[in-house]
Structure formats: C-alpha cells, structure tokens
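The structure file input_20.cif is reproduced below (mmCIF, C-alpha atoms).
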data_coords
loop_
_atom_site.group_PDB
_atom_site.id
_atom_site.type_symbol
_atom_site.label_atom_id
_atom_site.label_comp_id
_atom_site.auth_asym_id
_atom_site.auth_seq_id
_atom_site.Cartn_x
_atom_site.Cartn_y
_atom_site.Cartn_z
ATOM 1 C CA MET A 1 -19.292 -24.691 115.308
ATOM 2 C CA GLU A 2 -22.650 -24.640 117.057
ATOM 3 C CA ARG A 3 -24.346 -21.206 116.996
ATOM 4 C CA ILE A 4 -27.615 -19.549 117.922
ATOM 5 C CA PRO A 5 -29.118 -17.994 114.749
ATOM 6 C CA ILE A 6 -29.608 -14.220 114.613
ATOM 7 C CA LEU A 7 -32.392 -12.961 112.329
ATOM 8 C CA ARG A 8 -32.737 -9.422 110.977
ATOM 9 C CA MET A 9 -36.111 -7.706 110.704
ATOM 10 C CA GLY A 10 -35.624 -4.215 109.312
ATOM 11 C CA ARG A 11 -33.367 -2.418 111.761
ATOM 12 C CA GLN A 12 -33.900 -4.949 114.549
ATOM 13 C CA LEU A 13 -32.120 -8.194 115.318
ATOM 14 C CA LEU A 14 -34.083 -11.143 116.646
ATOM 15 C CA VAL A 15 -32.688 -14.041 118.646
ATOM 16 C CA THR A 16 -34.712 -16.978 119.922
ATOM 17 C CA ILE A 17 -32.871 -19.134 122.400
ATOM 18 C CA GLN A 18 -34.344 -22.620 122.101
ATOM 19 C CA VAL A 19 -31.723 -24.832 123.687
ATOM 20 C CA ASP A 20 -30.183 -25.141 127.116
ATOM 21 C CA MET A 21 -27.023 -23.227 126.264
ATOM 22 C CA HIS A 22 -23.675 -24.425 127.479
ATOM 23 C CA ASP A 23 -21.414 -21.601 128.564
ATOM 24 C CA GLN A 24 -19.346 -21.365 125.380
ATOM 25 C CA LEU A 25 -22.474 -21.135 123.246
ATOM 26 C CA ALA A 26 -23.673 -18.203 125.377
ATOM 27 C CA LEU A 27 -20.347 -16.422 124.969
ATOM 28 C CA THR A 28 -20.401 -17.021 121.198
ATOM 29 C CA LEU A 29 -23.889 -15.503 121.005
ATOM 30 C CA GLN A 30 -22.675 -12.426 122.891
ATOM 31 C CA ASP A 31 -19.813 -11.954 120.396
ATOM 32 C CA ASP A 32 -21.967 -12.657 117.338
ATOM 33 C CA LEU A 33 -24.619 -10.174 118.436
ATOM 34 C CA THR A 34 -22.209 -7.299 118.994
ATOM 35 C CA ARG A 35 -20.655 -7.967 115.579
ATOM 36 C CA ARG A 36 -24.063 -8.065 113.891
ATOM 37 C CA ILE A 37 -25.237 -4.830 115.561
ATOM 38 C CA VAL A 38 -22.349 -3.043 113.862
ATOM 39 C CA ALA A 39 -22.470 -4.939 110.529
ATOM 40 C CA ASP A 40 -26.257 -4.551 110.113
ATOM 41 C CA LYS A 41 -26.390 -1.052 111.694
ATOM 42 C CA ALA A 42 -29.096 -2.446 113.960
ATOM 43 C CA LYS A 43 -31.017 -0.177 116.328
ATOM 44 C CA GLY A 44 -32.551 -2.898 118.452
ATOM 45 C CA VAL A 45 -31.980 -6.429 119.736
ATOM 46 C CA LEU A 46 -34.843 -8.663 120.796
ATOM 47 C CA ILE A 47 -33.984 -11.784 122.783
ATOM 48 C CA ASP A 48 -36.757 -14.338 123.177
ATOM 49 C CA ILE A 49 -36.124 -16.596 126.178
ATOM 50 C CA SER A 50 -39.585 -18.201 126.305
ATOM 51 C CA SER A 51 -38.084 -21.652 125.685
ATOM 52 C CA LEU A 52 -35.587 -21.377 128.532
ATOM 53 C CA ASP A 53 -36.687 -23.247 131.647
ATOM 54 C CA VAL A 54 -33.637 -22.080 133.614
ATOM 55 C CA VAL A 55 -31.733 -18.790 133.717
ATOM 56 C CA ASP A 56 -28.798 -18.981 136.095
ATOM 57 C CA SER A 57 -26.372 -16.195 137.011
ATOM 58 C CA PHE A 58 -24.150 -17.013 134.030
ATOM 59 C CA ILE A 59 -26.950 -16.612 131.482
ATOM 60 C CA GLY A 60 -28.235 -13.608 133.466
ATOM 61 C CA ARG A 61 -24.839 -11.997 133.176
ATOM 62 C CA MET A 62 -24.749 -12.733 129.448
ATOM 63 C CA ILE A 63 -28.112 -10.965 129.043
ATOM 64 C CA SER A 64 -26.870 -7.950 131.031
ATOM 65 C CA ASN A 65 -23.662 -7.871 128.981
ATOM 66 C CA ILE A 66 -25.554 -7.933 125.687
ATOM 67 C CA ALA A 67 -27.759 -5.075 126.894
ATOM 68 C CA ALA A 68 -24.738 -3.032 127.990
ATOM 69 C CA MET A 69 -22.769 -3.678 124.783
ATOM 70 C CA SER A 70 -25.692 -2.859 122.533
ATOM 71 C CA ARG A 71 -26.319 0.361 124.490
ATOM 72 C CA VAL A 72 -22.729 1.417 123.839
ATOM 73 C CA LEU A 73 -23.303 0.618 120.163
ATOM 74 C CA ASP A 74 -26.470 2.769 120.100
ATOM 75 C CA ALA A 75 -28.933 -0.123 120.016
ATOM 76 C CA LYS A 76 -31.610 -1.093 122.510
ATOM 77 C CA THR A 77 -32.144 -4.582 123.949
ATOM 78 C CA VAL A 78 -35.441 -6.102 125.005
ATOM 79 C CA VAL A 79 -35.738 -9.522 126.624
ATOM 80 C CA VAL A 80 -39.105 -11.174 126.108
ATOM 81 C CA GLY A 81 -40.990 -14.282 127.173
ATOM 82 C CA MET A 82 -39.481 -14.954 130.562
ATOM 83 C CA ARG A 83 -41.368 -17.777 132.248
ATOM 84 C CA PRO A 84 -42.949 -16.967 135.638
ATOM 85 C CA ALA A 85 -40.966 -19.698 137.457
ATOM 86 C CA VAL A 86 -37.750 -18.292 135.963
ATOM 87 C CA ALA A 87 -38.644 -14.757 137.099
ATOM 88 C CA ILE A 88 -39.320 -15.938 140.674
ATOM 89 C CA THR A 89 -36.049 -17.867 140.754
ATOM 90 C CA LEU A 90 -33.957 -15.035 139.280
ATOM 91 C CA VAL A 91 -35.109 -12.556 141.894
ATOM 92 C CA GLU A 92 -34.492 -15.032 144.720
ATOM 93 C CA LEU A 93 -31.076 -15.742 143.273
ATOM 94 C CA GLY A 94 -30.374 -12.021 143.600
ATOM 95 C CA LEU A 95 -30.271 -11.169 139.913
ATOM 96 C CA ASN A 96 -32.335 -8.130 138.989
ATOM 97 C CA LEU A 97 -31.213 -7.713 135.361
ATOM 98 C CA GLU A 98 -30.828 -4.001 135.970
ATOM 99 C CA GLY A 99 -30.695 -1.923 132.825
ATOM 100 C CA VAL A 100 -32.374 -4.665 130.790
ATOM 101 C CA ARG A 101 -35.744 -3.825 129.274
ATOM 102 C CA THR A 102 -38.282 -6.636 129.243
ATOM 103 C CA ALA A 103 -41.622 -7.294 127.567
ATOM 104 C CA LEU A 104 -44.098 -10.126 127.954
ATOM 105 C CA ASN A 105 -43.891 -11.445 124.391
ATOM 106 C CA VAL A 106 -42.231 -10.954 121.010
ATOM 107 C CA GLU A 107 -45.018 -8.709 119.693
ATOM 108 C CA LYS A 108 -44.833 -6.306 122.644
ATOM 109 C CA GLY A 109 -41.030 -6.352 122.588
ATOM 110 C CA MET A 110 -40.912 -5.554 118.884
ATOM 111 C CA ALA A 111 -43.385 -2.704 119.355
ATOM 112 C CA LEU A 112 -41.146 -1.294 122.090
ATOM 113 C CA LEU A 113 -38.076 -1.387 119.840
ATOM 114 C CA GLN A 114 -39.859 0.083 116.831
ATOM 115 C CA GLU A 115 -41.284 2.908 118.912
ATOM 116 C CA ALA A 116 -37.810 3.707 120.269
ATOM 117 C CA ASP A 117 -36.426 3.727 116.707
ATOM 118 C CA ARG A 118 -38.991 6.171 115.363
ATOM 119 C CA MET B 1 -38.557 -36.895 125.207
ATOM 120 C CA ARG B 2 -38.892 -35.844 128.813
ATOM 121 C CA GLU B 3 -42.070 -37.862 129.324
ATOM 122 C CA ALA B 4 -40.437 -40.928 127.835
ATOM 123 C CA ALA B 5 -37.534 -40.444 130.224
ATOM 124 C CA LEU B 6 -39.970 -40.348 133.125
ATOM 125 C CA ASN B 7 -41.281 -43.816 132.363
ATOM 126 C CA VAL B 8 -37.835 -45.204 133.015
ATOM 127 C CA ALA B 9 -37.277 -45.769 136.726
ATOM 128 C CA ILE B 10 -34.790 -43.234 138.069
ATOM 129 C CA PRO B 11 -32.107 -44.946 140.145
ATOM 130 C CA ALA B 12 -32.021 -43.948 143.819
ATOM 131 C CA VAL B 13 -28.544 -42.470 143.435
ATOM 132 C CA THR B 14 -26.919 -40.942 140.365
ATOM 133 C CA GLU B 15 -23.324 -39.839 140.130
ATOM 134 C CA GLN B 16 -22.150 -37.625 137.272
ATOM 135 C CA PRO B 17 -18.842 -35.957 136.508
ATOM 136 C CA ILE B 18 -18.602 -32.143 136.268
ATOM 137 C CA ARG B 19 -15.622 -31.627 134.004
ATOM 138 C CA SER B 20 -16.926 -29.587 131.065
ATOM 139 C CA SER B 21 -19.637 -27.109 130.196
ATOM 140 C CA GLU B 22 -21.468 -29.962 128.392
ATOM 141 C CA ASP B 23 -21.527 -31.776 131.753
ATOM 142 C CA MET B 24 -23.351 -28.711 133.121
ATOM 143 C CA VAL B 25 -26.125 -29.194 130.554
ATOM 144 C CA ARG B 26 -26.356 -32.887 131.552
ATOM 145 C CA LEU B 27 -26.403 -31.873 135.234
ATOM 146 C CA ARG B 28 -29.375 -29.533 134.708
ATOM 147 C CA GLN B 29 -31.278 -32.241 132.786
ATOM 148 C CA MET B 30 -30.595 -34.880 135.429
ATOM 149 C CA VAL B 31 -31.696 -32.581 138.286
ATOM 150 C CA ARG B 32 -34.821 -31.565 136.361
ATOM 151 C CA ASP B 33 -35.838 -35.211 135.787
ATOM 152 C CA ARG B 34 -35.203 -36.060 139.432
ATOM 153 C CA ALA B 35 -37.125 -32.995 140.656
ATOM 154 C CA ILE B 36 -40.106 -33.962 138.485
ATOM 155 C CA SER B 37 -40.060 -37.532 139.785
ATOM 156 C CA ALA B 38 -39.946 -36.222 143.384
ATOM 157 C CA GLY B 39 -43.152 -34.328 142.620
ATOM 158 C CA LEU B 40 -41.707 -30.831 143.071
ATOM 159 C CA SER B 41 -43.770 -27.913 141.744
ATOM 160 C CA LEU B 42 -42.604 -26.113 138.603
ATOM 161 C CA VAL B 43 -41.232 -23.215 140.659
ATOM 162 C CA ASP B 44 -39.368 -25.567 143.008
ATOM 163 C CA GLN B 45 -38.011 -27.550 140.052
ATOM 164 C CA THR B 46 -36.706 -24.306 138.567
ATOM 165 C CA LYS B 47 -35.152 -23.272 141.884
ATOM 166 C CA ILE B 48 -33.308 -26.543 142.452
ATOM 167 C CA VAL B 49 -32.098 -26.756 138.834
ATOM 168 C CA THR B 50 -30.834 -23.164 139.063
ATOM 169 C CA ALA B 51 -29.116 -23.837 142.410
ATOM 170 C CA ALA B 52 -27.506 -26.956 140.889
ATOM 171 C CA SER B 53 -26.307 -24.923 137.922
ATOM 172 C CA GLU B 54 -24.667 -22.351 140.230
ATOM 173 C CA LEU B 55 -22.979 -25.003 142.376
ATOM 174 C CA GLY B 56 -21.950 -27.101 139.379
ATOM 175 C CA ARG B 57 -20.295 -24.058 137.837
ATOM 176 C CA ASN B 58 -18.402 -23.435 141.084
ATOM 177 C CA THR B 59 -17.224 -27.076 141.049
ATOM 178 C CA LEU B 60 -16.088 -26.664 137.444
ATOM 179 C CA ILE B 61 -14.476 -23.217 137.617
ATOM 180 C CA TYR B 62 -13.176 -22.887 141.177
ATOM 181 C CA GLY B 63 -12.803 -26.570 142.079
ATOM 182 C CA GLY B 64 -11.161 -27.516 138.792
ATOM 183 C CA GLY B 65 -13.885 -30.090 138.135
ATOM 184 C CA GLY B 66 -15.432 -32.749 140.322
ATOM 185 C CA LYS B 67 -18.687 -34.637 140.578
ATOM 186 C CA VAL B 68 -22.272 -34.473 141.702
ATOM 187 C CA ILE B 69 -24.154 -37.169 143.593
ATOM 188 C CA ALA B 70 -27.938 -36.932 143.388
ATOM 189 C CA THR B 71 -30.206 -38.833 145.764
ATOM 190 C CA SER B 72 -33.983 -39.042 145.957
ATOM 191 C CA LEU B 73 -35.208 -38.698 149.530
ATOM 192 C CA GLU B 74 -38.231 -40.091 151.282
ATOM 193 C CA HIS B 75 -38.640 -39.265 154.948
ATOM 194 C CA GLY B 76 -41.827 -39.622 156.968
ATOM 195 C CA GLY B 77 -43.934 -39.507 153.823
ATOM 196 C CA ARG B 78 -42.073 -36.463 152.572
ATOM 197 C CA ARG B 79 -40.213 -36.525 149.268
ATOM 198 C CA GLY B 80 -37.313 -34.492 148.107
ATOM 199 C CA ILE B 81 -33.958 -34.492 146.414
ATOM 200 C CA ARG B 82 -30.449 -34.131 147.734
ATOM 201 C CA LEU B 83 -27.484 -32.995 145.670
ATOM 202 C CA GLU B 84 -23.887 -33.242 146.765
ATOM 203 C CA PHE B 85 -21.151 -31.402 144.853
ATOM 204 C CA CYS B 86 -17.560 -32.466 145.517
ATOM 205 C CA ASP B 87 -14.272 -31.225 144.205
ATOM 206 C CA GLU B 88 -10.654 -31.550 145.210
ATOM 207 C CA GLY B 89 -9.788 -27.981 144.340
ATOM 208 C CA PRO B 90 -8.062 -25.330 146.458
ATOM 209 C CA GLY B 91 -10.923 -25.070 148.978
ATOM 210 C CA ILE B 92 -12.494 -21.943 150.458
ATOM 211 C CA PRO B 93 -10.542 -20.125 153.205
ATOM 212 C CA ASP B 94 -13.412 -17.897 154.394
ATOM 213 C CA ILE B 95 -16.833 -19.532 153.974
ATOM 214 C CA PRO B 96 -19.006 -16.680 155.384
ATOM 215 C CA LYS B 97 -17.305 -14.291 152.982
ATOM 216 C CA ALA B 98 -17.785 -16.693 150.054
ATOM 217 C CA LEU B 99 -21.492 -16.891 150.942
ATOM 218 C CA SER B 100 -21.980 -13.126 150.904
ATOM 219 C CA ASP B 101 -23.526 -11.687 147.754
ATOM 220 C CA GLY B 102 -21.196 -9.886 145.430
ATOM 221 C CA PHE B 103 -18.029 -11.523 146.720
ATOM 222 C CA THR B 104 -16.072 -13.425 144.081
ATOM 223 C CA THR B 105 -12.483 -14.413 143.486
ATOM 224 C CA GLY B 106 -13.286 -15.045 139.830
ATOM 225 C CA SER B 107 -15.041 -13.087 137.110
ATOM 226 C CA GLY B 108 -18.613 -14.015 138.059
ATOM 227 C CA LEU B 109 -21.255 -11.998 139.845
ATOM 228 C CA GLY B 110 -20.605 -13.530 143.258
ATOM 229 C CA LEU B 111 -24.205 -14.733 143.528
ATOM 230 C CA GLY B 112 -23.677 -18.460 143.079
ATOM 231 C CA LEU B 113 -23.100 -19.771 146.583
ATOM 232 C CA GLY B 114 -25.428 -17.401 148.455
ATOM 233 C CA GLY B 115 -28.039 -17.708 145.710
ATOM 234 C CA ALA B 116 -27.917 -21.514 145.795
ATOM 235 C CA LYS B 117 -28.404 -21.364 149.576
ATOM 236 C CA ARG B 118 -31.470 -19.120 149.221
ATOM 237 C CA LEU B 119 -32.967 -21.387 146.551
ATOM 238 C CA SER B 120 -32.598 -24.546 148.678
ATOM 239 C CA ASP B 121 -34.358 -25.775 151.826
ATOM 240 C CA GLU B 122 -31.160 -27.134 153.381
ATOM 241 C CA PHE B 123 -27.584 -26.144 152.685
ATOM 242 C CA HIS B 124 -24.323 -27.500 154.088
ATOM 243 C CA ILE B 125 -20.797 -26.646 153.089
ATOM 244 C CA ASP B 126 -17.492 -28.228 154.104
ATOM 245 C CA SER B 127 -14.323 -26.693 152.823
ATOM 246 C CA ALA B 128 -10.835 -25.789 153.922
ATOM 247 C CA PRO B 129 -7.739 -24.632 152.045
ATOM 248 C CA GLY B 130 -6.125 -27.632 150.340
ATOM 249 C CA LYS B 131 -9.014 -29.937 151.290
ATOM 250 C CA GLY B 132 -11.424 -29.333 148.432
ATOM 251 C CA THR B 133 -15.064 -28.357 148.781
ATOM 252 C CA ARG B 134 -18.240 -30.301 149.429
ATOM 253 C CA VAL B 135 -21.628 -28.608 149.188
ATOM 254 C CA VAL B 136 -24.918 -30.391 149.922
ATOM 255 C CA ILE B 137 -28.329 -28.959 149.122
ATOM 256 C CA VAL B 138 -31.783 -30.420 149.733
ATOM 257 C CA LYS B 139 -35.149 -29.431 148.328
ATOM 258 C CA TRP B 140 -38.312 -30.904 149.865
ATOM 259 C CA ARG B 141 -41.720 -31.118 148.371
ATOM 260 C CA PRO B 142 -44.032 -29.177 150.714
ATOM 261 C CA ARG B 143 -46.553 -31.405 152.485
#

Before we go any further, please render this structure as structure tokens.
Amino acid sequence: MERIPILRMGRQLLVTIQVDMHDQLALTLQDDLTRRIVADKAKGVLIDISSLDVVDSFIGRMISNIAAMSRVLDAKTVVVGMRPAVAITLVELGLNLEGVRTALNVEKGMALLQEADR
Amino acid sequence: MREAALNVAIPAVTEQPIRSSEDMVRLRQMVRDRAISAGLSLVDQTKIVTAASELGRNTLIYGGGGKVIATSLEHGGRRGIRLEFCDEGPGIPDIPKALSDGFTTGSGLGLGLGGAKRLSDEFHIDSAPGKGTRVVIVKWRPR
C-alpha cells in the first residue's frame, strides 16, 4: 500500500509531503503518525508541506486532526513551508488551522520543537 | 513534466469523471494545467484548483459521483476558465443553508460550497431534491 514515509530524528518525527495526496493516503498518514508517536515516544511532529501547491479543506482538516491527536498524546505539531499562494487561499476558504503551530521552514520548525522539548 | 504538458494544445473542452479519490487528483492536475494556459496568476491558479477540489469532493461524497466539464473562455479579450460539476445525487433541499459556513450534512467542515464561491469570480448552483446538483464556477484573468 502507498504510504508517506515518517522519519525519526531524536524525539521528533518528520514528515515531508511531496505528492498530491488522494484522500485515503491522507487518512493513512494520520493513522500512521498517531501510531508512531506512541511507538517512538515522540515529543514532536514536524510536517513539511512546502511541496504542496494546494491545501483544500480535507487536507486542512487532516492537519488539524494530526495536531489535535498529537496534543492528546503529549506531542507538539509544527507545520512548515506553506507556500504564500496556499496561505492566501486557505484563509479565503475560511480555514484558519486554529491550534496548529507553523514555522517558515524545516530549520525553524525543528528549533521550535526542540525548544519545547527541553 | 508540467512544462511538457503545456506544449500540447489543451482542448477547448475537457470532460472527466469524478468517481474515486484518484479522479480528484486528476481533476486538480487538469484544472491546474488549464489555469496556467489561461494565464492565471499563481494565486488565482491556487484558488481555482482549491475551489475545484472542494466541489469535486462534494460531487464524489454527496452526489455519489459525477463529472466535471472544463472549458477555456475568451470573451472580449479576456481569458478565463469555467468548470461545471454535475451529479445525479439526492440534490440540495436548502441551497442558502448549504452555502453557509459550518453547515454540513456529512463529516466535513462545511466550508466547501461557501469556500468555493469565495474563491471564484462567478458561481452558479442548480439543485433540487431528487434532481441532482450542478455547480458552475468561473475564474477570469484580471485585465
């Protein structure tokens, strides 16, 4: 089955979404991530969406769900690399990604997670 | 890949089925290519592809599948694209309510229809219980 790879860096998990995900793939990622947070005792999840040229309400909801689930499992989520055109569109769509922390790039996002884990 | 695709003339009208979540990926690619060939800006491309994704998902989930018809427009020197989503599903009994943010009969966020309207320059919807749903959106390239 097709899957988005999840990498571990210390106590953080790193996901780079590089394909236009169909809905099932997004749901699989959500399940895989929650399982890995518990299995790897992760304290943070970094999701890099810099390759995504579209984030619709379905993917937006998946991001919010991952953030909420990881919070319940005592891990923090940071979404990084959102393209400017995607940010403009998301806000106009009415999606504010409330409760989701963001950073401009992977480096800044990782720093945020490591600081929170100290 | 995308540049190679652009060298191929895009037909004036494209019709694609919306029957699976893989069709949704194809829908977004087709709308993106058409938006680029109409000369839309990156932000406008992103808006119309996102609107198409919302409406395509409605066709798939609420309409039980259907199709999209994409047309390139040229009117008085203005270029744009028109997308028509059709299904023969149960239809929408209360359109104003369906357009309001946060209202959903499914498990979504209830942003799809209203959001697609905000992201488009023109928006038309025809629907009645038992008659299916037809939604048309248009995005113009600003002069």

Expansion of the PyMOL selection byres ((chain A) within 9 of (chain B)) into residues, as a PyMOL selection string: chain A and resi 20-24+53-58+61+84-86+88-90+92-95

For range 70-80 of chain B, work out the shell of residues within 12 Å, counting only C-alpha atoms and skipping chain neighbours fewer than 3 positions away, then give it as a JSON list (two decimals) with C-alpha atoms, keeping the file's coordinate frame.
[["chain", "number", "residue", "atom", "x", "y", "z"],
["B", 9, "ALA", "CA", -37.28, -45.77, 136.73],
["B", 10, "ILE", "CA", -34.79, -43.23, 138.07],
["B", 11, "PRO", "CA", -32.11, -44.95, 140.15],
["B", 12, "ALA", "CA", -32.02, -43.95, 143.82],
["B", 13, "VAL", "CA", -28.54, -42.47, 143.44],
["B", 14, "THR", "CA", -26.92, -40.94, 140.36],
["B", 15, "GLU", "CA", -23.32, -39.84, 140.13],
["B", 16, "GLN", "CA", -22.15, -37.62, 137.27],
["B", 17, "PRO", "CA", -18.84, -35.96, 136.51],
["B", 27, "LEU", "CA", -26.40, -31.87, 135.23],
["B", 28, "ARG", "CA", -29.38, -29.53, 134.71],
["B", 30, "MET", "CA", -30.60, -34.88, 135.43],
["B", 31, "VAL", "CA", -31.70, -32.58, 138.29],
["B", 32, "ARG", "CA", -34.82, -31.56, 136.36],
["B", 33, "ASP", "CA", -35.84, -35.21, 135.79],
["B", 34, "ARG", "CA", -35.20, -36.06, 139.43],
["B", 35, "ALA", "CA", -37.12, -32.99, 140.66],
["B", 36, "ILE", "CA", -40.11, -33.96, 138.49],
["B", 37, "SER", "CA", -40.06, -37.53, 139.78],
["B", 38, "ALA", "CA", -39.95, -36.22, 143.38],
["B", 39, "GLY", "CA", -43.15, -34.33, 142.62],
["B", 40, "LEU", "CA", -41.71, -30.83, 143.07],
["B", 41, "SER", "CA", -43.77, -27.91, 141.74],
["B", 44, "ASP", "CA", -39.37, -25.57, 143.01],
["B", 45, "GLN", "CA", -38.01, -27.55, 140.05],
["B", 48, "ILE", "CA", -33.31, -26.54, 142.45],
["B", 49, "VAL", "CA", -32.10, -26.76, 138.83],
["B", 52, "ALA", "CA", -27.51, -26.96, 140.89],
["B", 67, "LYS", "CA", -18.69, -34.64, 140.58],
["B", 83, "LEU", "CA", -27.48, -32.99, 145.67],
["B", 84, "GLU", "CA", -23.89, -33.24, 146.76],
["B", 85, "PHE", "CA", -21.15, -31.40, 144.85],
["B", 86, "CYS", "CA", -17.56, -32.47, 145.52],
["B", 120, "SER", "CA", -32.60, -24.55, 148.68],
["B", 121, "ASP", "CA", -34.36, -25.78, 151.83],
["B", 122, "GLU", "CA", -31.16, -27.13, 153.38],
["B", 135, "VAL", "CA", -21.63, -28.61, 149.19],
["B", 136, "VAL", "CA", -24.92, -30.39, 149.92],
["B", 137, "ILE", "CA", -28.33, -28.96, 149.12],
["B", 138, "VAL", "CA", -31.78, -30.42, 149.73],
["B", 139, "LYS", "CA", -35.15, -29.43, 148.33],
["B", 140, "TRP", "CA", -38.31, -30.90, 149.86],
["B", 141, "ARG", "CA", -41.72, -31.12, 148.37],
["B", 142, "PRO", "CA", -44.03, -29.18, 150.71],
["B", 143, "ARG", "CA", -46.55, -31.40, 152.49]]

Excluding same-chain residues fewer than 4 positions from Val19 in chain A, what lies within 10 Å of it counting all atoms listed in the file, as a short mmCIF file (atom, residue, chain, number, x, y, z; two decimals) with C-alpha atoms, in the coordinates of the input?
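The result, written out as around_35.cif:
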data_model
loop_
_atom_site.label_atom_id
_atom_site.label_comp_id
_atom_site.auth_asym_id
_atom_site.auth_seq_id
_atom_site.Cartn_x
_atom_site.Cartn_y
_atom_site.Cartn_z
CA ILE A 4 -27.62 -19.55 117.92
CA LEU A 25 -22.47 -21.14 123.25
CA ILE A 49 -36.12 -16.60 126.18
CA SER A 51 -38.08 -21.65 125.68
CA LEU A 52 -35.59 -21.38 128.53
CA ASP A 53 -36.69 -23.25 131.65
CA VAL B 25 -26.12 -29.19 130.55
#

Test item: residues at most 9 Å from Pro129 in chain B, only C-alpha atoms, excluding those fewer than 6 positions along its chain, as a PyMOL selection string: chain B and resi 89-93

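Every residue that the PyMOL selection byres ((chain A and resi 37-46) around 8) selects in this file is listed here: Arg11, Gln12, Leu13, Leu14, Val15, Leu33, Thr34, Arg35, Arg36, Ile47, Asp48, Ser70, Leu73, Asp74, Ala75, Lys76, Thr77, Val78, Val79, Val80, Val106, Gly109, Met110, Leu113 and Asp117 of chain A.
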
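Between CA of Leu99 in chain B and CA of Arg101 in chain A the interatomic distance comes to 29.0 Å.
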
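The shortest atom-to-atom distance to Arg3 in chain A, with only C-alpha atoms taken into account, belongs to A:Asp31 out of A:Leu97, A:Ile63, A:Asp31, A:Glu107.
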